[in-house]
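Only one structure is covered here, and it is reproduced in the block below.
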Amino acid sequence: MDPFEVYGDVPAMWLRVGMVVSADGSATDEQGWTGGLGGEADFRVFRALRALADGILVGAATIRTGRVGPHRLRAELRARREAIGKPGPAPIVVVTGSLDLDWELPLFTSAESPTLVVTCTNALDGATVPDAVRPHVFTAGADSVDLDLAVNELHYRFGLGHLLCEGGPDLATGLIGAGLVDELCLNIAPTFVGARHHTPLLTALPRRVESSLRAVYEDEGVVFLRYELR
Ligand SMILES: NC(=O)c1ccc[n+]([C@@H]2O[C@H](COP(=O)([O-])OP(=O)(O)OC[C@H]3O[C@@H](n4cnc5c(N)ncnc54)[C@H](OP(=O)(O)O)[C@@H]3O)[C@@H](O)[C@H]2O)c1
């Protein structure tokens with residue numbers, strides 16, 4: 001499978017959630033991260049989904065793990081991305097209701113495409129945000145981030161048509177619950193992490209959501225499911 005090609009078959013305006021789970025349904029490994037789940041096959045799809053996107057949404061709790069760096073494109077993916085008219089890496093877009101973030105992370109100090117931060121007005125009032133980051137912070141909503149408004153701003157103010165949400169579960173649940181997600185790309189790793197380290201893929205979805213299965217792929221034992229949600 002060539003993930004850049006097969007996952008590239010979507011419209012310019014798209015919101016895709018891309019996540020990996022263990023075979024027993026956990027969104028984290030024993031370290032509370034995802035690196036121990038899907039191996040190289042999962043990383044290939046992960047990198048392709050990033051290379052196809054215009055913006056990459058990530059929840060603040062995932063940023064606080066300290067493991068999310070700026071989007072860096074490998075030479076081959078950069079060339080293929082440029083060939084479809086997308087220069088430079090897609091910016092990461094951090095969703096936070098608290099602005100409780102480590103501004104010294106490379107994500108905020110050395111991203112080729114500056115990291116965007118979407119928060120709410122009550123959090124931004126009186127918050128200390130470094131001067132270099134401030135121009136890239138915007139608000140959507142008063143007490144919490146209005147995800148519908150935030151996605152609309154990213155599409156139409158920032159011109160980011162194709163959005164990828166990499167999680168975590170809380171942000172993915174909010175987007176799916178708000179009916180904003182077109183596609184869930186779920187990568188199922190052939191690993192059972194057990195109950196002690198289990199993190200549900202979605203937290204508390206407020207309603208039933210129907211989907212249709214768009215495609216199934218397999219690579220090195222990882223099963224790649226694509227659900228269309230609307
Ligand atoms: N399996 C995978 O593919 C995958 C992918 C990513 C992460 N993960 C794992 O997931 C875990 C973290 O996930 P998580 O569910 O705890 O958190 P998360 O979704 O990464 O982040 C949740 C945070 O995002 C902000 N947020 C989300 N929706 C918001 C809204 N509508 N308004 C305001 N703020 C909003 C809040 O930040 P504030 O607290 O700043 O208000 C909230 O606490 C980590 O262990 C990580 O390793 C797994």
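Chain labels run A, B, ... following the order of the structure tokens; each chain numbers its residues from 1, and ligands are numbered from 1 in the order shown.
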
Next item on the list: Name the residues in contact with Tyr7 (chain A) at a cut-off of 9 Å, using only C-alpha atoms, excluding same-chain residues fewer than 6 positions from it; report them as JSON, numbers by chain.
Entry: {"A": [45, 48, 49, 52]}

Margin query: Neighbours of ligand 1 at 6 Å or closer, counting only C-alpha atoms and all ligand atoms: which residues, as a ChimeraX atom specification?
Written below: /A:19-21,27-28,32-34,59-62,95-100,144-147,166-171,174

Generate a file of the selected residues that holds N, CA and C atoms, formatted as a PDB file, in the first residue's frame.
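Output below, filename again-v5.pdb:
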```pdb
ATOM      1  N   MET A  19      -6.172   7.869  14.197  1.00  0.00           N
ATOM      2  CA  MET A  19      -5.655   7.381  15.484  1.00  0.00           C
ATOM      3  C   MET A  19      -5.317   5.900  15.409  1.00  0.00           C
ATOM      4  N   VAL A  20      -4.488   5.474  16.351  1.00  0.00           N
ATOM      5  CA  VAL A  20      -4.115   4.066  16.434  1.00  0.00           C
ATOM      6  C   VAL A  20      -4.632   3.496  17.750  1.00  0.00           C
ATOM      7  N   VAL A  21      -5.066   2.238  17.714  1.00  0.00           N
ATOM      8  CA  VAL A  21      -5.474   1.532  18.947  1.00  0.00           C
ATOM      9  C   VAL A  21      -4.868   0.134  18.950  1.00  0.00           C
ATOM     10  N   ALA A  27      -6.029   3.284  23.360  1.00  0.00           N
ATOM     11  CA  ALA A  27      -5.401   4.366  22.572  1.00  0.00           C
ATOM     12  C   ALA A  27      -4.014   4.703  23.087  1.00  0.00           C
ATOM     13  N   THR A  28      -3.544   4.028  24.127  1.00  0.00           N
ATOM     14  CA  THR A  28      -2.178   4.259  24.616  1.00  0.00           C
ATOM     15  C   THR A  28      -1.491   2.929  24.907  1.00  0.00           C
ATOM     16  N   GLY A  32       1.834   5.271  28.206  1.00  0.00           N
ATOM     17  CA  GLY A  32       0.876   6.366  28.054  1.00  0.00           C
ATOM     18  C   GLY A  32       1.048   7.097  26.735  1.00  0.00           C
ATOM     19  N   TRP A  33       1.762   6.449  25.802  1.00  0.00           N
ATOM     20  CA  TRP A  33       1.967   7.057  24.493  1.00  0.00           C
ATOM     21  C   TRP A  33       1.463   6.087  23.441  1.00  0.00           C
ATOM     22  N   THR A  34       1.797   6.311  22.162  1.00  0.00           N
ATOM     23  CA  THR A  34       1.279   5.452  21.093  1.00  0.00           C
ATOM     24  C   THR A  34       2.408   4.716  20.363  1.00  0.00           C
ATOM     25  N   GLY A  59      -5.052  17.788  20.813  1.00  0.00           N
ATOM     26  CA  GLY A  59      -5.535  18.255  22.112  1.00  0.00           C
ATOM     27  C   GLY A  59      -4.377  18.586  23.042  1.00  0.00           C
ATOM     28  N   ALA A  60      -4.627  19.527  23.959  1.00  0.00           N
ATOM     29  CA  ALA A  60      -3.553  20.030  24.836  1.00  0.00           C
ATOM     30  C   ALA A  60      -2.975  18.937  25.729  1.00  0.00           C
ATOM     31  N   ALA A  61      -3.771  17.968  26.148  1.00  0.00           N
ATOM     32  CA  ALA A  61      -3.223  16.915  27.028  1.00  0.00           C
ATOM     33  C   ALA A  61      -2.188  16.086  26.281  1.00  0.00           C
ATOM     34  N   THR A  62      -2.406  15.871  25.005  1.00  0.00           N
ATOM     35  CA  THR A  62      -1.406  15.155  24.197  1.00  0.00           C
ATOM     36  C   THR A  62      -0.150  15.998  24.046  1.00  0.00           C
ATOM     37  N   VAL A  95      -5.458  22.613  20.553  1.00  0.00           N
ATOM     38  CA  VAL A  95      -6.744  23.010  21.122  1.00  0.00           C
ATOM     39  C   VAL A  95      -6.614  22.988  22.639  1.00  0.00           C
ATOM     40  N   THR A  96      -6.842  24.138  23.279  1.00  0.00           N
ATOM     41  CA  THR A  96      -6.678  24.221  24.730  1.00  0.00           C
ATOM     42  C   THR A  96      -7.705  25.164  25.351  1.00  0.00           C
ATOM     43  N   GLY A  97      -8.267  24.757  26.470  1.00  0.00           N
ATOM     44  CA  GLY A  97      -9.170  25.637  27.206  1.00  0.00           C
ATOM     45  C   GLY A  97      -8.458  26.303  28.363  1.00  0.00           C
ATOM     46  N   SER A  98      -7.200  25.968  28.592  1.00  0.00           N
ATOM     47  CA  SER A  98      -6.479  26.489  29.766  1.00  0.00           C
ATOM     48  C   SER A  98      -5.246  27.311  29.401  1.00  0.00           C
ATOM     49  N   LEU A  99      -4.703  27.118  28.209  1.00  0.00           N
ATOM     50  CA  LEU A  99      -3.419  27.705  27.800  1.00  0.00           C
ATOM     51  C   LEU A  99      -2.285  27.258  28.726  1.00  0.00           C
ATOM     52  N   ASP A 100      -2.502  26.168  29.430  1.00  0.00           N
ATOM     53  CA  ASP A 100      -1.471  25.619  30.304  1.00  0.00           C
ATOM     54  C   ASP A 100      -0.550  24.753  29.446  1.00  0.00           C
ATOM     55  N   SER A 144     -15.196  27.616  26.766  1.00  0.00           N
ATOM     56  CA  SER A 144     -14.460  26.477  26.211  1.00  0.00           C
ATOM     57  C   SER A 144     -14.367  26.720  24.710  1.00  0.00           C
ATOM     58  N   VAL A 145     -13.578  25.908  24.038  1.00  0.00           N
ATOM     59  CA  VAL A 145     -13.438  26.109  22.593  1.00  0.00           C
ATOM     60  C   VAL A 145     -14.690  25.573  21.894  1.00  0.00           C
ATOM     61  N   ASP A 146     -15.337  26.467  21.171  1.00  0.00           N
ATOM     62  CA  ASP A 146     -16.467  26.078  20.323  1.00  0.00           C
ATOM     63  C   ASP A 146     -15.847  25.402  19.090  1.00  0.00           C
ATOM     64  N   LEU A 147     -15.911  24.084  19.056  1.00  0.00           N
ATOM     65  CA  LEU A 147     -15.180  23.344  18.019  1.00  0.00           C
ATOM     66  C   LEU A 147     -15.724  23.628  16.624  1.00  0.00           C
ATOM     67  N   GLU A 166      -5.277  14.377  15.235  1.00  0.00           N
ATOM     68  CA  GLU A 166      -4.503  13.216  15.700  1.00  0.00           C
ATOM     69  C   GLU A 166      -4.889  12.815  17.117  1.00  0.00           C
ATOM     70  N   GLY A 167      -5.975  13.349  17.653  1.00  0.00           N
ATOM     71  CA  GLY A 167      -6.393  13.028  19.011  1.00  0.00           C
ATOM     72  C   GLY A 167      -5.926  14.102  19.971  1.00  0.00           C
ATOM     73  N   GLY A 168      -5.889  13.780  21.273  1.00  0.00           N
ATOM     74  CA  GLY A 168      -6.218  12.491  21.854  1.00  0.00           C
ATOM     75  C   GLY A 168      -7.709  12.224  21.897  1.00  0.00           C
ATOM     76  N   PRO A 169      -8.062  11.225  22.692  1.00  0.00           N
ATOM     77  CA  PRO A 169      -9.447  10.780  22.774  1.00  0.00           C
ATOM     78  C   PRO A 169     -10.447  11.896  23.114  1.00  0.00           C
ATOM     79  N   ASP A 170     -10.057  12.798  24.013  1.00  0.00           N
ATOM     80  CA  ASP A 170     -10.979  13.859  24.427  1.00  0.00           C
ATOM     81  C   ASP A 170     -11.322  14.773  23.250  1.00  0.00           C
ATOM     82  N   LEU A 171     -10.305  15.216  22.527  1.00  0.00           N
ATOM     83  CA  LEU A 171     -10.555  16.105  21.386  1.00  0.00           C
ATOM     84  C   LEU A 171     -11.292  15.355  20.271  1.00  0.00           C
ATOM     85  N   GLY A 174     -14.898  15.129  21.144  1.00  0.00           N
ATOM     86  CA  GLY A 174     -15.585  16.415  20.975  1.00  0.00           C
ATOM     87  C   GLY A 174     -15.929  16.678  19.519  1.00  0.00           C
TER      88      GLY A 174
END
```

Item checked: Neighbour list for Ala178 (chain A) as a ChimeraX atom specification, cut-off 12 Å, only C-alpha atoms, skip fewer than 3 positions in-chain -> /A:145-151,171-175,181-182,205-209,229-230

Please save C-alpha atoms of the selected residues as a PDB file, in the first residue's frame.
```pdb
ATOM      1  CA  VAL A 145     -13.438  26.109  22.593  1.00  0.00           C
ATOM      2  CA  ASP A 146     -16.467  26.078  20.323  1.00  0.00           C
ATOM      3  CA  LEU A 147     -15.180  23.344  18.019  1.00  0.00           C
ATOM      4  CA  ASP A 148     -17.649  24.152  15.245  1.00  0.00           C
ATOM      5  CA  LEU A 149     -16.469  27.779  15.214  1.00  0.00           C
ATOM      6  CA  ALA A 150     -12.797  26.770  15.484  1.00  0.00           C
ATOM      7  CA  VAL A 151     -13.043  24.421  12.498  1.00  0.00           C
ATOM      8  CA  LEU A 171     -10.555  16.105  21.386  1.00  0.00           C
ATOM      9  CA  ALA A 172     -11.554  13.345  18.951  1.00  0.00           C
ATOM     10  CA  THR A 173     -14.717  12.713  20.993  1.00  0.00           C
ATOM     11  CA  GLY A 174     -15.585  16.415  20.975  1.00  0.00           C
ATOM     12  CA  LEU A 175     -15.205  16.688  17.208  1.00  0.00           C
ATOM     13  CA  VAL A 181     -15.783  14.689  11.403  1.00  0.00           C
ATOM     14  CA  ASP A 182     -15.968  13.346   7.862  1.00  0.00           C
ATOM     15  CA  LEU A 205     -19.635  10.354  23.022  1.00  0.00           C
ATOM     16  CA  PRO A 206     -22.946  12.120  23.724  1.00  0.00           C
ATOM     17  CA  ARG A 207     -24.946  10.226  21.107  1.00  0.00           C
ATOM     18  CA  ARG A 208     -24.974   7.312  18.731  1.00  0.00           C
ATOM     19  CA  VAL A 209     -23.037   7.951  15.510  1.00  0.00           C
ATOM     20  CA  LEU A 229     -19.085   9.521   9.364  1.00  0.00           C
ATOM     21  CA  ARG A 230     -21.226  11.870   7.278  1.00  0.00           C
TER      22      ARG A 230
END
```

At a cut-off of 10 Å, using only C-alpha atoms, what residues contact Pro89 (chain A)? Leave out same-chain residues fewer than 6 positions from it and give the result as a tab-separated table (two decimals) with C-alpha atoms, in the first residue's frame.
```tsv
chain	number	residue	atom	x	y	z
A	50	ARG	CA	0.16	14.48	7.97
A	51	ALA	CA	1.64	15.09	4.53
A	52	LEU	CA	-1.85	15.22	2.98
A	53	ALA	CA	-3.28	17.65	5.54
A	54	ASP	CA	-3.40	21.46	5.62
A	55	GLY	CA	-3.63	21.61	9.42
A	56	ILE	CA	-3.12	19.06	12.22
A	70	PRO	CA	6.58	20.24	14.90
A	71	HIS	CA	5.51	18.66	11.65
A	72	ARG	CA	8.72	17.75	9.80
A	73	LEU	CA	8.43	16.38	6.28
A	74	ARG	CA	10.80	13.75	4.93
A	77	LEU	CA	6.87	13.30	1.21
A	78	ARG	CA	7.76	16.98	0.90
A	81	ARG	CA	3.14	17.23	-1.08
A	82	GLU	CA	4.52	20.06	-3.21
A	111	ALA	CA	8.24	24.91	13.86
A	112	GLU	CA	8.78	25.55	10.15
A	113	SER	CA	5.07	26.35	9.85
A	114	PRO	CA	4.19	28.20	13.08
```

Check: Between A:Lys86, A:Asp2, A:Ala79, A:Gly25, which has the minimum distance to Gly159 (chain A) (counting only C-alpha atoms)?
Finding: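 Ranking A:Lys86, A:Asp2, A:Ala79, A:Gly25 by distance to Gly159 (chain A), first place goes to A:Lys86.
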
Need the shell around Val68 (chain A): protein/DNA/RNA residues with any atom at most 10 Å away, counting only C-alpha atoms. Skip same-chain ones fewer than 3 positions apart. Format as a PDB file with N, CA and C atoms, in the first residue's frame?
```pdb
ATOM      1  N   VAL A  58      -4.447  18.885  17.512  1.00  0.00           N
ATOM      2  CA  VAL A  58      -4.019  18.016  18.611  1.00  0.00           C
ATOM      3  C   VAL A  58      -4.534  18.618  19.921  1.00  0.00           C
ATOM      4  N   THR A  62      -2.406  15.871  25.005  1.00  0.00           N
ATOM      5  CA  THR A  62      -1.406  15.155  24.197  1.00  0.00           C
ATOM      6  C   THR A  62      -0.150  15.998  24.046  1.00  0.00           C
ATOM      7  N   ILE A  63      -0.302  17.301  23.886  1.00  0.00           N
ATOM      8  CA  ILE A  63       0.872  18.190  23.819  1.00  0.00           C
ATOM      9  C   ILE A  63       1.642  18.134  25.141  1.00  0.00           C
ATOM     10  N   ARG A  64       0.896  18.057  26.262  1.00  0.00           N
ATOM     11  CA  ARG A  64       1.555  18.057  27.575  1.00  0.00           C
ATOM     12  C   ARG A  64       2.350  16.770  27.839  1.00  0.00           C
ATOM     13  N   THR A  65       2.190  15.745  27.010  1.00  0.00           N
ATOM     14  CA  THR A  65       3.079  14.572  27.145  1.00  0.00           C
ATOM     15  C   THR A  65       4.499  14.959  26.734  1.00  0.00           C
ATOM     16  N   HIS A  71       5.630  19.517  12.824  1.00  0.00           N
ATOM     17  CA  HIS A  71       5.507  18.659  11.653  1.00  0.00           C
ATOM     18  C   HIS A  71       6.754  18.819  10.799  1.00  0.00           C
ATOM     19  N   ILE A  92       0.745  22.452  13.119  1.00  0.00           N
ATOM     20  CA  ILE A  92      -0.008  21.823  14.211  1.00  0.00           C
ATOM     21  C   ILE A  92      -0.944  22.888  14.773  1.00  0.00           C
ATOM     22  N   LEU A 105       8.635  24.287  24.372  1.00  0.00           N
ATOM     23  CA  LEU A 105       8.692  23.097  23.509  1.00  0.00           C
ATOM     24  C   LEU A 105       9.056  23.494  22.078  1.00  0.00           C
ATOM     25  N   PRO A 106       9.832  22.635  21.373  1.00  0.00           N
ATOM     26  CA  PRO A 106      10.158  22.917  19.964  1.00  0.00           C
ATOM     27  C   PRO A 106       8.913  23.200  19.123  1.00  0.00           C
ATOM     28  N   LEU A 107       7.802  22.642  19.525  1.00  0.00           N
ATOM     29  CA  LEU A 107       6.546  22.890  18.820  1.00  0.00           C
ATOM     30  C   LEU A 107       6.240  24.383  18.712  1.00  0.00           C
TER      31      LEU A 107
END
```

Item checked: Closest of A:Met1, A:Glu183, A:Thr191, A:Gly66 to His162 (chain A) - atom-to-atom distances counting only C-alpha atoms ->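 Answer, going by the shortest atom-to-atom distance: A:Glu183.
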